[in-house]
file model25.pdb (PDB, C-alpha atoms, pLDDT in the B column)
ATOM      1  CA  MET H 174       0.000   0.000   0.000  1.00 46.00           C
ATOM      2  CA  ALA H 175       2.829   2.383   0.772  1.00 43.00           C
ATOM      3  CA  ALA H 176       4.480   1.855  -2.623  1.00 42.00           C
ATOM      4  CA  SER H 177       1.196   2.430  -4.419  1.00 40.00           C
ATOM      5  CA  SER H 178       0.654   5.645  -2.472  1.00 36.00           C
ATOM      6  CA  VAL H 179       4.067   7.005  -3.481  1.00 33.00           C
ATOM      7  CA  MET H 180       3.454   6.236  -7.145  1.00 34.00           C
ATOM      8  CA  VAL H 181       0.187   8.148  -7.167  1.00 34.00           C
ATOM      9  CA  LEU H 182       1.703  11.171  -5.463  1.00 30.00           C
ATOM     10  CA  ASN H 183       4.809  11.341  -7.642  1.00 35.00           C
ATOM     11  CA  GLY H 184       3.150  10.648 -10.958  1.00 35.00           C
ATOM     12  CA  PRO H 185       1.745  14.134 -11.797  1.00 34.00           C
ATOM     13  CA  PHE H 186       4.886  15.982 -10.630  1.00 30.00           C
ATOM     14  CA  MET H 187       7.724  13.816 -11.937  1.00 33.00           C
ATOM     15  CA  GLY H 188       6.227  12.967 -15.297  1.00 38.00           C
ATOM     16  CA  GLU H 189       5.667   9.295 -14.373  1.00 42.00           C
ATOM     17  CA  SER H 190       2.384   7.711 -15.379  1.00 41.00           C
ATOM     18  CA  ASN H 191       0.233   5.704 -13.030  1.00 45.00           C
ATOM     19  CA  PRO H 192      -0.199   2.107 -14.296  1.00 44.00           C
ATOM     20  CA  HIS H 193      -3.620   1.883 -12.661  1.00 46.00           C
ATOM     21  CA  ALA H 194      -4.712   5.062 -14.431  1.00 42.00           C
ATOM     22  CA  LYS H 195      -3.585   3.671 -17.819  1.00 44.00           C
ATOM     23  CA  ALA H 196      -5.872   0.691 -17.460  1.00 44.00           C
ATOM     24  CA  ASN H 197      -8.888   2.953 -17.108  1.00 47.00           C
ATOM     25  CA  ASN H 198      -8.084   5.197 -20.068  1.00 48.00           C
ATOM     26  CA  LYS H 199      -9.454   4.659 -23.537  1.00 51.00           C
ATOM     27  CA  PRO H 200      -7.017   3.202 -26.118  1.00 54.00           C
ATOM     28  CA  GLY H 201      -5.103   5.835 -28.089  1.00 55.00           C
ATOM     29  CA  LYS H 202      -5.445   8.532 -25.414  1.00 54.00           C
ATOM     30  CA  ILE H 203      -2.687   9.511 -23.019  1.00 60.00           C
ATOM     31  CA  ALA H 204      -3.573  10.951 -19.653  1.00 60.00           C
ATOM     32  CA  THR H 205      -1.858  14.301 -19.130  1.00 60.00           C
ATOM     33  CA  PRO H 206      -1.295  15.655 -15.621  1.00 59.00           C
ATOM     34  CA  PRO H 207      -2.917  18.971 -14.766  1.00 60.00           C
ATOM     35  CA  PRO H 208      -0.650  22.038 -14.836  1.00 54.00           C
ATOM     36  CA  PRO H 209       0.965  22.963 -11.521  1.00 52.00           C
ATOM     37  CA  PRO H 210      -1.070  25.420  -9.463  1.00 56.00           C
ATOM     38  CA  ARG H 211      -0.129  29.077  -9.735  1.00 57.00           C
ATOM     39  CA  PRO H 212       1.777  30.223  -6.641  1.00 54.00           C
ATOM     40  CA  PRO H 213      -0.359  32.289  -4.273  1.00 69.00           C
ATOM     41  CA  VAL H 214       0.413  35.998  -4.520  1.00 77.00           C
ATOM     42  CA  SER H 215      -0.669  38.474  -1.860  1.00 90.00           C
ATOM     43  CA  LEU H 216       0.866  41.559  -3.466  1.00 92.00           C
ATOM     44  CA  ILE H 217      -1.501  44.511  -3.534  1.00 92.00           C
ATOM     45  CA  GLN H 218      -2.534  46.587  -6.517  1.00 90.00           C
ATOM     46  CA  PRO H 219      -0.582  49.824  -7.034  1.00 88.00           C
ATOM     47  CA  SER H 220      -2.437  53.070  -6.473  1.00 82.00           C
ATOM     48  CA  PRO H 221      -4.210  54.618  -9.500  1.00 79.00           C
ATOM     49  CA  LYS H 222      -1.925  56.511 -11.827  1.00 62.00           C
ATOM     50  CA  LYS H 223      -1.712  60.175 -11.085  1.00 50.00           C
ATOM     51  CA  LYS H 224      -0.518  62.878 -13.395  1.00 42.00           C
ATOM     52  CA  GLN H 225       3.062  63.467 -12.381  1.00 41.00           C
ATOM     53  CA  LYS H 226       4.389  66.969 -12.114  1.00 40.00           C
ATOM     54  CA  SER H 227       7.328  67.704 -14.337  1.00 36.00           C
ATOM     55  CA  VAL H 228      10.530  68.359 -12.422  1.00 37.00           C
ATOM     56  CA  LYS H 229      12.968  70.962 -13.732  1.00 40.00           C
ATOM     57  CA  VAL H 230      16.392  69.409 -14.291  1.00 37.00           C
ATOM     58  CA  ILE H 231      19.525  71.536 -14.347  1.00 34.00           C
ATOM     59  CA  ARG H 232      21.408  71.881 -17.627  1.00 40.00           C
ATOM     60  CA  THR H 233      24.292  69.702 -16.487  1.00 43.00           C
ATOM     61  CA  PHE H 234      22.126  66.606 -16.220  1.00 40.00           C
ATOM     62  CA  ARG H 235      20.183  67.392 -19.388  1.00 40.00           C
ATOM     63  CA  SER H 236      23.487  67.430 -21.273  1.00 44.00           C
ATOM     64  CA  ILE H 237      24.228  63.951 -19.894  1.00 45.00           C
ATOM     65  CA  PHE H 238      20.925  62.639 -21.259  1.00 39.00           C
ATOM     66  CA  HIS H 239      21.786  63.829 -24.762  1.00 41.00           C
ATOM     67  CA  ALA H 240      25.431  62.741 -24.596  1.00 44.00           C
ATOM     68  CA  LEU H 241      24.807  59.115 -23.631  1.00 45.00           C
ATOM     69  CA  PRO H 242      23.710  57.813 -27.076  1.00 43.00           C
ATOM     70  CA  ILE H 243      26.905  58.913 -28.824  1.00 37.00           C
ATOM     71  CA  LEU H 244      29.381  57.509 -26.292  1.00 40.00           C
ATOM     72  CA  ASN H 245      30.876  54.581 -28.178  1.00 39.00           C
ATOM     73  CA  THR H 246      34.373  54.392 -26.703  1.00 36.00           C
ATOM     74  CA  PRO H 247      35.188  51.330 -24.540  1.00 37.00           C
ATOM     75  CA  VAL H 248      35.689  53.436 -21.437  1.00 38.00           C
ATOM     76  CA  CYS H 249      33.507  56.431 -20.624  1.00 38.00           C
ATOM     77  CA  LYS H 250      34.304  59.162 -18.146  1.00 37.00           C
ATOM     78  CA  PHE H 251      31.118  60.460 -16.606  1.00 36.00           C
ATOM     79  CA  PRO H 252      31.106  63.803 -14.834  1.00 36.00           C
ATOM     80  CA  THR H 253      31.272  63.832 -11.051  1.00 35.00           C
ATOM     81  CA  PHE H 254      27.837  63.811  -9.398  1.00 38.00           C
ATOM     82  CA  PRO H 255      27.065  66.131  -6.494  1.00 37.00           C
ATOM     83  CA  VAL H 256      26.876  64.807  -2.949  1.00 35.00           C
ATOM     84  CA  SER H 257      23.140  65.628  -2.766  1.00 41.00           C
ATOM     85  CA  PHE H 258      20.373  66.281  -5.246  1.00 44.00           C
ATOM     86  CA  PRO H 259      19.332  69.835  -6.165  1.00 43.00           C
ATOM     87  CA  ASP H 260      16.397  71.285  -4.216  1.00 43.00           C
ATOM     88  CA  SER H 261      14.324  71.256  -7.417  1.00 43.00           C
ATOM     89  CA  TRP H 262      14.326  67.442  -7.259  1.00 44.00           C
ATOM     90  CA  SER H 263      12.766  67.277  -3.781  1.00 41.00           C
ATOM     91  CA  SER H 264       9.368  66.387  -5.288  1.00 48.00           C
ATOM     92  CA  SER H 265      10.707  63.252  -6.979  1.00 79.00           C
ATOM     93  CA  THR H 266       9.026  59.941  -6.153  1.00 92.00           C
ATOM     94  CA  ARG H 267      10.729  57.144  -4.234  1.00 94.00           C
ATOM     95  CA  VAL H 268      10.016  53.636  -5.552  1.00 96.00           C
ATOM     96  CA  THR H 269      11.286  50.105  -4.985  1.00 97.00           C
ATOM     97  CA  GLY H 270      13.482  48.688  -7.733  1.00 97.00           C
ATOM     98  CA  THR H 271      14.643  45.074  -8.028  1.00 98.00           C
ATOM     99  CA  LEU H 272      17.253  43.687 -10.414  1.00 97.00           C
ATOM    100  CA  PHE H 273      17.106  39.895 -10.548  1.00 97.00           C
ATOM    101  CA  GLY H 274      18.029  36.973 -12.756  1.00 95.00           C
ATOM    102  CA  TYR H 275      19.771  33.619 -13.094  1.00 93.00           C
ATOM    103  CA  ARG H 276      23.566  33.769 -13.127  1.00 86.00           C
ATOM    104  CA  LYS H 277      23.866  32.863 -16.820  1.00 85.00           C
ATOM    105  CA  GLY H 278      20.620  34.534 -17.814  1.00 91.00           C
ATOM    106  CA  ARG H 279      19.562  38.092 -18.515  1.00 95.00           C
ATOM    107  CA  VAL H 280      18.845  40.627 -15.813  1.00 96.00           C
ATOM    108  CA  SER H 281      15.255  41.711 -15.275  1.00 97.00           C
ATOM    109  CA  LEU H 282      14.190  45.016 -13.735  1.00 98.00           C
ATOM    110  CA  SER H 283      11.039  45.282 -11.647  1.00 98.00           C
ATOM    111  CA  MET H 284       9.671  48.589 -10.383  1.00 97.00           C
ATOM    112  CA  GLN H 285       7.116  48.727  -7.557  1.00 97.00           C
ATOM    113  CA  GLU H 286       5.509  51.467  -5.501  1.00 96.00           C
ATOM    114  CA  THR H 287       6.374  49.491  -2.358  1.00 95.00           C
ATOM    115  CA  PRO H 288       7.853  46.018  -1.743  1.00 96.00           C
ATOM    116  CA  LYS H 289       4.316  44.775  -1.053  1.00 95.00           C
ATOM    117  CA  SER H 290       2.698  46.015  -4.276  1.00 96.00           C
ATOM    118  CA  LEU H 291       2.422  44.448  -7.713  1.00 96.00           C
ATOM    119  CA  PRO H 292       5.068  45.574 -10.239  1.00 97.00           C
ATOM    120  CA  THR H 293       4.241  48.654 -12.305  1.00 96.00           C
ATOM    121  CA  LEU H 294       7.089  47.841 -14.715  1.00 97.00           C
ATOM    122  CA  VAL H 295       8.952  44.644 -15.616  1.00 98.00           C
ATOM    123  CA  MET H 296      11.717  44.839 -18.213  1.00 97.00           C
ATOM    124  CA  GLU H 297      14.320  42.391 -19.471  1.00 97.00           C
ATOM    125  CA  LEU H 298      17.716  44.060 -19.949  1.00 97.00           C
ATOM    126  CA  ALA H 299      20.489  43.194 -22.421  1.00 96.00           C
ATOM    127  CA  MET H 300      22.986  42.160 -19.747  1.00 95.00           C
ATOM    128  CA  GLN H 301      23.811  38.915 -17.987  1.00 94.00           C
ATOM    129  CA  THR H 302      23.354  38.747 -14.224  1.00 93.00           C
ATOM    130  CA  CYS H 303      26.955  37.687 -13.588  1.00 91.00           C
ATOM    131  CA  MET H 304      28.229  40.692 -15.557  1.00 91.00           C
ATOM    132  CA  LEU H 305      26.060  43.145 -13.617  1.00 92.00           C
ATOM    133  CA  GLN H 306      27.262  41.668 -10.314  1.00 89.00           C
ATOM    134  CA  LYS H 307      30.871  42.084 -11.400  1.00 89.00           C
ATOM    135  CA  GLU H 308      30.418  45.676 -12.544  1.00 89.00           C
ATOM    136  CA  MET H 309      28.433  46.699  -9.464  1.00 87.00           C
ATOM    137  CA  SER H 310      31.238  45.454  -7.221  1.00 85.00           C
ATOM    138  CA  SER H 311      33.894  47.404  -9.121  1.00 81.00           C
ATOM    139  CA  GLY H 312      32.291  50.785  -9.713  1.00 83.00           C
ATOM    140  CA  MET H 313      29.371  52.877 -10.871  1.00 87.00           C
ATOM    141  CA  VAL H 314      26.904  51.545 -13.425  1.00 93.00           C
ATOM    142  CA  ARG H 315      24.972  53.730 -15.873  1.00 95.00           C
ATOM    143  CA  ILE H 316      22.230  52.139 -17.952  1.00 97.00           C
ATOM    144  CA  SER H 317      20.615  54.222 -20.683  1.00 97.00           C
ATOM    145  CA  LEU H 318      17.434  52.961 -22.361  1.00 98.00           C
ATOM    146  CA  GLU H 319      16.551  54.943 -25.483  1.00 97.00           C
ATOM    147  CA  CYS H 320      13.836  54.963 -28.117  1.00 97.00           C
ATOM    148  CA  ASP H 321      12.489  57.311 -30.781  1.00 96.00           C
ATOM    149  CA  LYS H 322      10.315  60.272 -29.925  1.00 95.00           C
ATOM    150  CA  ARG H 323       6.613  60.069 -30.641  1.00 94.00           C
ATOM    151  CA  SER H 324       4.438  62.752 -32.176  1.00 93.00           C
ATOM    152  CA  GLU H 325       3.067  65.479 -29.948  1.00 90.00           C
ATOM    153  CA  LYS H 326      -0.424  63.993 -30.255  1.00 92.00           C
ATOM    154  CA  ASP H 327       0.725  60.589 -29.015  1.00 94.00           C
ATOM    155  CA  LYS H 328       0.171  60.408 -25.255  1.00 92.00           C
ATOM    156  CA  THR H 329       2.047  57.139 -24.637  1.00 94.00           C
ATOM    157  CA  ALA H 330       3.874  57.357 -21.305  1.00 95.00           C
ATOM    158  CA  ILE H 331       7.611  56.898 -21.527  1.00 96.00           C
ATOM    159  CA  LEU H 332       7.595  53.777 -19.319  1.00 95.00           C
ATOM    160  CA  ASP H 333       4.917  52.223 -21.536  1.00 96.00           C
ATOM    161  CA  GLU H 334       7.291  51.947 -24.505  1.00 97.00           C
ATOM    162  CA  PRO H 335       7.653  48.268 -25.538  1.00 97.00           C
ATOM    163  CA  MET H 336      11.317  48.212 -26.628  1.00 97.00           C
ATOM    164  CA  TRP H 337      14.471  50.204 -25.932  1.00 97.00           C
ATOM    165  CA  THR H 338      18.009  50.388 -27.260  1.00 98.00           C
ATOM    166  CA  MET H 339      20.239  49.775 -24.258  1.00 98.00           C
ATOM    167  CA  TYR H 340      23.593  51.404 -23.537  1.00 97.00           C
ATOM    168  CA  TYR H 341      25.678  50.224 -20.627  1.00 93.00           C
ATOM    169  CA  ASN H 342      28.253  52.806 -19.458  1.00 93.00           C
ATOM    170  CA  GLY H 343      28.113  54.341 -22.933  1.00 92.00           C
ATOM    171  CA  LYS H 344      28.464  51.081 -24.872  1.00 93.00           C
ATOM    172  CA  LYS H 345      25.587  49.671 -26.869  1.00 95.00           C
ATOM    173  CA  SER H 346      24.729  46.247 -25.481  1.00 95.00           C
ATOM    174  CA  GLY H 347      21.447  45.267 -27.144  1.00 96.00           C
ATOM    175  CA  TYR H 348      17.786  45.877 -26.426  1.00 97.00           C
ATOM    176  CA  GLY H 349      15.642  46.176 -23.330  1.00 97.00           C
ATOM    177  CA  VAL H 350      12.155  44.729 -23.686  1.00 97.00           C
ATOM    178  CA  LYS H 351       9.156  45.500 -21.514  1.00 97.00           C
ATOM    179  CA  ARG H 352       6.978  42.505 -20.679  1.00 96.00           C
ATOM    180  CA  GLU H 353       4.077  41.432 -18.546  1.00 95.00           C
ATOM    181  CA  ALA H 354       5.008  40.005 -15.159  1.00 96.00           C
ATOM    182  CA  THR H 355       5.232  36.204 -15.339  1.00 95.00           C
ATOM    183  CA  ASP H 356       4.277  33.790 -12.560  1.00 93.00           C
ATOM    184  CA  GLU H 357       7.979  33.461 -11.755  1.00 92.00           C
ATOM    185  CA  ASP H 358       8.338  37.251 -11.532  1.00 95.00           C
ATOM    186  CA  LEU H 359       5.376  37.495  -9.171  1.00 95.00           C
ATOM    187  CA  ASN H 360       6.639  34.609  -7.073  1.00 94.00           C
ATOM    188  CA  THR H 361      10.021  36.345  -6.752  1.00 95.00           C
ATOM    189  CA  MET H 362       8.383  39.616  -5.671  1.00 96.00           C
ATOM    190  CA  GLU H 363       6.272  37.642  -3.195  1.00 95.00           C
ATOM    191  CA  LEU H 364       9.385  36.065  -1.649  1.00 94.00           C
ATOM    192  CA  LEU H 365      11.003  39.508  -1.370  1.00 96.00           C
ATOM    193  CA  LYS H 366       7.915  41.209   0.045  1.00 95.00           C
ATOM    194  CA  ALA H 367       9.532  41.683   3.451  1.00 94.00           C
ATOM    195  CA  VAL H 368      12.808  43.013   1.966  1.00 95.00           C
ATOM    196  CA  SER H 369      13.060  46.768   1.462  1.00 93.00           C
ATOM    197  CA  MET H 370      16.772  46.883   0.592  1.00 93.00           C
ATOM    198  CA  GLY H 371      19.420  44.221   0.145  1.00 93.00           C
ATOM    199  CA  ALA H 372      21.042  41.647  -2.109  1.00 93.00           C
ATOM    200  CA  GLY H 373      21.220  37.876  -2.027  1.00 94.00           C
ATOM    201  CA  ILE H 374      20.297  34.539  -3.590  1.00 93.00           C
ATOM    202  CA  LEU H 375      16.898  32.887  -3.875  1.00 92.00           C
ATOM    203  CA  PRO H 376      16.284  29.214  -4.733  1.00 84.00           C
ATOM    204  CA  GLY H 377      15.361  29.109  -8.412  1.00 76.00           C
ATOM    205  CA  ASN H 378      14.100  26.550 -10.898  1.00 73.00           C
ATOM    206  CA  LYS H 379      17.115  24.218 -11.063  1.00 65.00           C
ATOM    207  CA  ASP H 380      15.143  21.580 -12.989  1.00 68.00           C
ATOM    208  CA  ALA H 381      14.783  24.015 -15.906  1.00 62.00           C
ATOM    209  CA  VAL H 382      17.975  26.051 -15.583  1.00 63.00           C
ATOM    210  CA  GLY H 383      20.438  23.503 -14.215  1.00 59.00           C
ATOM    211  CA  PRO H 384      23.084  23.820 -11.470  1.00 63.00           C
ATOM    212  CA  ASP H 385      23.181  27.612 -11.909  1.00 64.00           C
ATOM    213  CA  GLY H 386      19.482  27.806 -11.110  1.00 76.00           C
ATOM    214  CA  ASP H 387      19.844  30.074  -8.081  1.00 86.00           C
ATOM    215  CA  LEU H 388      18.246  33.458  -8.583  1.00 93.00           C
ATOM    216  CA  ALA H 389      20.372  36.486  -7.647  1.00 95.00           C
ATOM    217  CA  TYR H 390      18.675  39.754  -6.703  1.00 96.00           C
ATOM    218  CA  LEU H 391      19.493  43.321  -5.772  1.00 95.00           C
ATOM    219  CA  ARG H 392      16.735  45.425  -4.224  1.00 96.00           C
ATOM    220  CA  ALA H 393      16.970  49.114  -3.321  1.00 95.00           C
ATOM    221  CA  HIS H 394      15.060  52.346  -3.094  1.00 95.00           C
ATOM    222  CA  PHE H 395      15.255  54.518  -6.200  1.00 96.00           C
ATOM    223  CA  GLU H 396      14.481  58.172  -6.700  1.00 94.00           C
ATOM    224  CA  ARG H 397      12.253  58.390  -9.765  1.00 95.00           C
ATOM    225  CA  VAL H 398      12.903  61.778 -11.342  1.00 95.00           C
ATOM    226  CA  VAL H 399      10.785  63.024 -14.247  1.00 93.00           C
ATOM    227  CA  GLY H 400      12.709  65.482 -16.425  1.00 92.00           C
ATOM    228  CA  SER H 401       9.990  65.755 -19.083  1.00 92.00           C
ATOM    229  CA  LYS H 402       7.552  63.486 -20.911  1.00 92.00           C
ATOM    230  CA  ASP H 403      10.587  62.192 -22.861  1.00 95.00           C
ATOM    231  CA  SER H 404      13.075  61.678 -20.032  1.00 95.00           C
ATOM    232  CA  GLU H 405      12.848  59.850 -16.742  1.00 96.00           C
ATOM    233  CA  THR H 406      15.570  58.528 -14.448  1.00 95.00           C
ATOM    234  CA  LEU H 407      15.914  56.082 -11.571  1.00 96.00           C
ATOM    235  CA  TYR H 408      18.716  56.907  -9.109  1.00 94.00           C
ATOM    236  CA  MET H 409      19.594  54.244  -6.554  1.00 93.00           C
ATOM    237  CA  VAL H 410      19.542  55.472  -2.959  1.00 91.00           C
ATOM    238  CA  SER H 411      22.277  54.248  -0.629  1.00 81.00           C
ATOM    239  CA  PRO H 412      21.333  52.297   2.541  1.00 75.00           C
ATOM    240  CA  GLU H 413      22.109  55.424   4.566  1.00 70.00           C
ATOM    241  CA  GLY H 414      19.311  57.215   2.720  1.00 59.00           C
ATOM    242  CA  ASN H 415      21.474  59.719   0.845  1.00 56.00           C
ATOM    243  CA  HIS H 416      22.725  60.075  -2.714  1.00 52.00           C
ATOM    244  CA  GLY H 417      26.398  60.570  -1.943  1.00 46.00           C
ATOM    245  CA  LEU H 418      27.390  57.440  -3.872  1.00 49.00           C
ATOM    246  CA  LEU H 419      25.209  56.850  -6.910  1.00 60.00           C
ATOM    247  CA  GLU H 420      26.263  53.304  -7.767  1.00 84.00           C
ATOM    248  CA  LEU H 421      23.449  52.674 -10.220  1.00 93.00           C
ATOM    249  CA  SER H 422      21.410  54.987 -12.417  1.00 95.00           C
ATOM    250  CA  ILE H 423      18.906  53.996 -15.114  1.00 97.00           C
ATOM    251  CA  PHE H 424      17.959  56.589 -17.758  1.00 97.00           C
ATOM    252  CA  PHE H 425      14.811  56.332 -19.904  1.00 98.00           C
ATOM    253  CA  ILE H 426      15.100  58.700 -22.877  1.00 97.00           C
ATOM    254  CA  ARG H 427      13.118  59.362 -26.038  1.00 97.00           C
ATOM    255  CA  LEU H 428      15.233  61.122 -28.676  1.00 94.00           C
TER
END

call {"tool": "encode", "arguments": {"input": "model25.pdb", "output": "structure tokens"}}
result
Amino acid sequence: MAASSVMVLNGPFMGESNPHAKANNKPGKIATPPPPPRPPVSLIQPSPKKKQKSVKVIRTFRSIFHALPILNTPVCKFPTFPVSFPDSWSSSTRVTGTLFGYRKGRVSLSMQETPKSLPTLVMELAMQTCMLQKEMSSGMVRISLECDKRSEKDKTAILDEPMWTMYYNGKKSGYGVKREATDEDLNTMELLKAVSMGAGILPGNKDAVGPDGDLAYLRAHFERVVGSKDSETLYMVSPEGNHGLLELSIFFIRL
């Protein structure tokens, strides 16, 4: 009886058929196990979108936005950032940003209002997770995501663009693609619901990915600064709550 019980329990999950079930099936038909249940998600809906006030950006930073697309040299020297943000940026919005991915897979970016809310943006970036980890440990990282400007009549929000050309520290690296949050994305955000800031490893899908199936993540607060309807930036906030060391910045630009 014990052996029979194990066979029934393992059959649907391990891809093994139940010999007793085969006897009851009609000839020519193969019993298929039901799909695995979707993981429970208790993340809350984000608040309704509000019209964001445009924040005036000083000329120095606007020049950076326009300079990023033409930086093609292997090493780029970015200007020194101030210890604190200008007073005109005090109305910027603070959000939760998470960079996550399998070691040999691409990095995904998730943006949430709070760690307990559903993602408002999920994007796959043109960079491997192991490369981002290496660069973050050695210095500052600047990611620029660019796309063409739309007509004045087109009211598409900048973060609703489906595809971006990605530049990493001035070097073109491929394309960033916006996508709907998958079950795996939501499960990852659910596991990190209690984490406001930090980095670490989560158990991943080793059956599908292999030995490198652990999921690495980096979560932090970001200042979301709106320069105009065609430029928006995420600046990572240090654990101390200041912007003295801007290790990671992500620019969204329509040119």

call {"tool": "residues_around", "arguments": {"input": "model25.pdb", "residues": "H:Ile331", "least_positions_apart": "4", "cutoff": "12 Å", "atoms": "all atoms listed in the file", "output": "compact mmCIF listing (two decimals) with C-alpha atoms, in the frame of the given file"}}
result
# COMPACT_ATOMS: atom_id res chain seq x y z
CA LEU H 294 7.09 47.84 -14.72
CA LEU H 318 17.43 52.96 -22.36
CA GLU H 319 16.55 54.94 -25.48
CA CYS H 320 13.84 54.96 -28.12
CA ASP H 321 12.49 57.31 -30.78
CA LYS H 322 10.32 60.27 -29.92
CA ARG H 323 6.61 60.07 -30.64
CA ASP H 327 0.72 60.59 -29.02
CA PRO H 335 7.65 48.27 -25.54
CA MET H 336 11.32 48.21 -26.63
CA TRP H 337 14.47 50.20 -25.93
CA LYS H 351 9.16 45.50 -21.51
CA VAL H 399 10.78 63.02 -14.25
CA GLY H 400 12.71 65.48 -16.42
CA SER H 401 9.99 65.76 -19.08
CA LYS H 402 7.55 63.49 -20.91
CA ASP H 403 10.59 62.19 -22.86
CA SER H 404 13.08 61.68 -20.03
CA GLU H 405 12.85 59.85 -16.74
CA THR H 406 15.57 58.53 -14.45
CA PHE H 424 17.96 56.59 -17.76
CA PHE H 425 14.81 56.33 -19.90
CA ILE H 426 15.10 58.70 -22.88
CA ARG H 427 13.12 59.36 -26.04
CA LEU H 428 15.23 61.12 -28.68

call {"tool": "resolve_selection", "arguments": {"input": "model25.pdb", "expression": "the PyMOL selection byres ((chain H and resi 364) around 12)", "output": "list in words"}}
result
Pro212, Pro213, Val214, Ser215, Leu216, Pro288, Lys289, Glu357, Asp358, Leu359, Asn360, Thr361, Met362, Glu363, Leu365, Lys366, Ala367, Val368, Ser369, Gly373, Ile374, Leu375, Pro376, Gly377, Leu388 and Tyr390 of chain H

call {"tool": "resolve_selection", "arguments": {"input": "model25.pdb", "expression": "the PyMOL selection byres ((chain H and resi 346) around 12)", "output": "list in words"}}
result
Pro242, Asn245, Pro247, Arg279, Leu298, Ala299, Met300, Gln301, Met304, Ile316, Ser317, Leu318, Glu319, Trp337, Thr338, Met339, Tyr340, Tyr341, Asn342, Gly343, Lys344, Lys345, Gly347, Tyr348 and Gly349 of chain H

call {"tool": "atom_distance", "arguments": {"input": "model25.pdb", "atom1": "atom CA of H:Ala354", "atom2": "atom CA of H:Val295"}}
result
6.1 Å

call {"tool": "closest_residue", "arguments": {"input": "model25.pdb", "among": "H:Gly270, H:Gly386, H:Gly278, H:Pro292", "to": "H:Ile217", "atoms": "only C-alpha atoms"}}
result
H:Pro292

call {"tool": "closest_residue", "arguments": {"input": "model25.pdb", "among": "H:Thr355, H:Gln218, H:Thr293, H:Ser422", "to": "H:Leu332", "atoms": "only C-alpha atoms"}}
result
H:Thr293

call {"tool": "atom_distance", "arguments": {"input": "model25.pdb", "atom1": "atom CA of H:Thr271", "atom2": "atom CA of H:Lys307"}}
result
16.8 Å

call {"tool": "atom_distance", "arguments": {"input": "model25.pdb", "atom1": "atom CA of H:Arg276", "atom2": "atom CA of H:Pro219"}}
result
29.6 Å

call {"tool": "closest_residue", "arguments": {"input": "model25.pdb", "among": "H:Gly312, H:Glu286, H:Thr302, H:Pro221", "to": "H:Arg397", "atoms": "all atoms listed in the file"}}
result
H:Glu286

call {"tool": "closest_residue", "arguments": {"input": "model25.pdb", "among": "H:Asp356, H:Glu413, H:Glu420, H:Glu297", "to": "H:Ser311", "atoms": "only C-alpha atoms"}}
result
H:Glu420

call {"tool": "decode", "arguments": {"input": "model25.pdb", "residues": "stretch 398-407 of chain H", "atoms": "N, CA, C and O atoms", "output": "PDB file, in the first residue's frame"}}
result
ATOM      1  N   VAL H 398      12.897  60.359 -10.990  1.00  0.00           N
ATOM      2  CA  VAL H 398      12.903  61.778 -11.342  1.00  0.00           C
ATOM      3  C   VAL H 398      12.383  61.952 -12.768  1.00  0.00           C
ATOM      4  O   VAL H 398      12.919  61.349 -13.703  1.00  0.00           O
ATOM      5  N   VAL H 399      11.355  62.744 -12.937  1.00  0.00           N
ATOM      6  CA  VAL H 399      10.785  63.024 -14.247  1.00  0.00           C
ATOM      7  C   VAL H 399      11.351  64.332 -14.762  1.00  0.00           C
ATOM      8  O   VAL H 399      11.098  65.394 -14.197  1.00  0.00           O
ATOM      9  N   GLY H 400      12.169  64.271 -15.833  1.00  0.00           N
ATOM     10  CA  GLY H 400      12.709  65.482 -16.425  1.00  0.00           C
ATOM     11  C   GLY H 400      11.717  66.127 -17.364  1.00  0.00           C
ATOM     12  O   GLY H 400      11.547  67.339 -17.381  1.00  0.00           O
ATOM     13  N   SER H 401      11.023  65.307 -18.152  1.00  0.00           N
ATOM     14  CA  SER H 401       9.990  65.755 -19.083  1.00  0.00           C
ATOM     15  C   SER H 401       9.223  64.515 -19.508  1.00  0.00           C
ATOM     16  O   SER H 401       9.488  63.418 -19.011  1.00  0.00           O
ATOM     17  N   LYS H 402       8.297  64.665 -20.449  1.00  0.00           N
ATOM     18  CA  LYS H 402       7.552  63.486 -20.911  1.00  0.00           C
ATOM     19  C   LYS H 402       8.452  62.539 -21.701  1.00  0.00           C
ATOM     20  O   LYS H 402       8.077  61.395 -21.958  1.00  0.00           O
ATOM     21  N   ASP H 403       9.657  63.010 -22.082  1.00  0.00           N
ATOM     22  CA  ASP H 403      10.587  62.192 -22.861  1.00  0.00           C
ATOM     23  C   ASP H 403      11.848  61.816 -22.097  1.00  0.00           C
ATOM     24  O   ASP H 403      12.799  61.299 -22.685  1.00  0.00           O
ATOM     25  N   SER H 404      11.895  62.066 -20.818  1.00  0.00           N
ATOM     26  CA  SER H 404      13.075  61.678 -20.032  1.00  0.00           C
ATOM     27  C   SER H 404      12.675  61.410 -18.586  1.00  0.00           C
ATOM     28  O   SER H 404      11.962  62.186 -17.960  1.00  0.00           O
ATOM     29  N   GLU H 405      13.126  60.266 -18.111  1.00  0.00           N
ATOM     30  CA  GLU H 405      12.848  59.850 -16.742  1.00  0.00           C
ATOM     31  C   GLU H 405      14.038  59.042 -16.252  1.00  0.00           C
ATOM     32  O   GLU H 405      14.656  58.312 -17.024  1.00  0.00           O
ATOM     33  N   THR H 406      14.367  59.162 -14.969  1.00  0.00           N
ATOM     34  CA  THR H 406      15.570  58.528 -14.448  1.00  0.00           C
ATOM     35  C   THR H 406      15.306  57.891 -13.096  1.00  0.00           C
ATOM     36  O   THR H 406      14.561  58.433 -12.276  1.00  0.00           O
ATOM     37  N   LEU H 407      15.933  56.747 -12.866  1.00  0.00           N
ATOM     38  CA  LEU H 407      15.914  56.082 -11.571  1.00  0.00           C
ATOM     39  C   LEU H 407      17.312  56.162 -10.979  1.00  0.00           C
ATOM     40  O   LEU H 407      18.271  55.679 -11.577  1.00  0.00           O
TER      41      LEU H 407
END
